[in-house]
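Colleague: Just passing along the structure, written as structure tokens.
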Amino acid sequence: MPTAHSPTASRLVSIESVAELLAASPRTVRRLDAAGKLPEGIKLGGLKRWREDELLDWIAAGCPPRHHWSWKSSAR
């Protein structure tokens, strides 16, 4: 299992980081997420985070909607 310092560990990023990655506003990211157009995020209490490597793979795949997106981490 990867550790936080392992090169294969997936970094979790905030909505602000997702917005920056997509060149969009955090509000737009919230709308895309609510519409099922982003990969599923991870809930940590009241926080929501996304796996950075999954987002990069999702973008490379053409940003398919959540119900068409299937991601397998290379770290597994």
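Following the order of the structure tokens, chains are lettered A, B, ..., residues in each are numbered from 1, and ligands are numbered from 1.
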Could you pull the residues within 12 Å of Gly41 (chain A), counting only C-alpha atoms, minus those fewer than 3 positions along the same chain, as a list in words?
Modeller: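 Using only C-alpha atoms, the neighbours found are Leu12, Val13, Ser14, Ile15, Val18, Val29, Arg30, Leu32, Asp33, Ala34, Gly36, Lys37, Leu38, Leu44, Leu47, Lys48, Arg49, Trp50, Arg51, Glu52, Glu54, Leu55 and Arg66 of chain A.
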Colleague: For Ser70 (chain A), which residue among A:Ala19, A:Gly45, A:Pro39, A:Asp53 is the nearest when counting only C-alpha atoms?
Modeller: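 Checking each candidate against Ser70 (chain A), we get A:Pro39 as the closest.
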Colleague: Rounded to one decimal, what separation in Å do you get between CA of Ala23 (chain A) and CA of Ala61 (chain A)?
Modeller: 17.3 Å
Colleague: Of the candidates A:Leu22, A:Glu16, A:Arg11, A:Glu40, which shows the shortest atom-to-atom distance to His68 (chain A), using only C-alpha atoms?
Modeller: A:Glu40
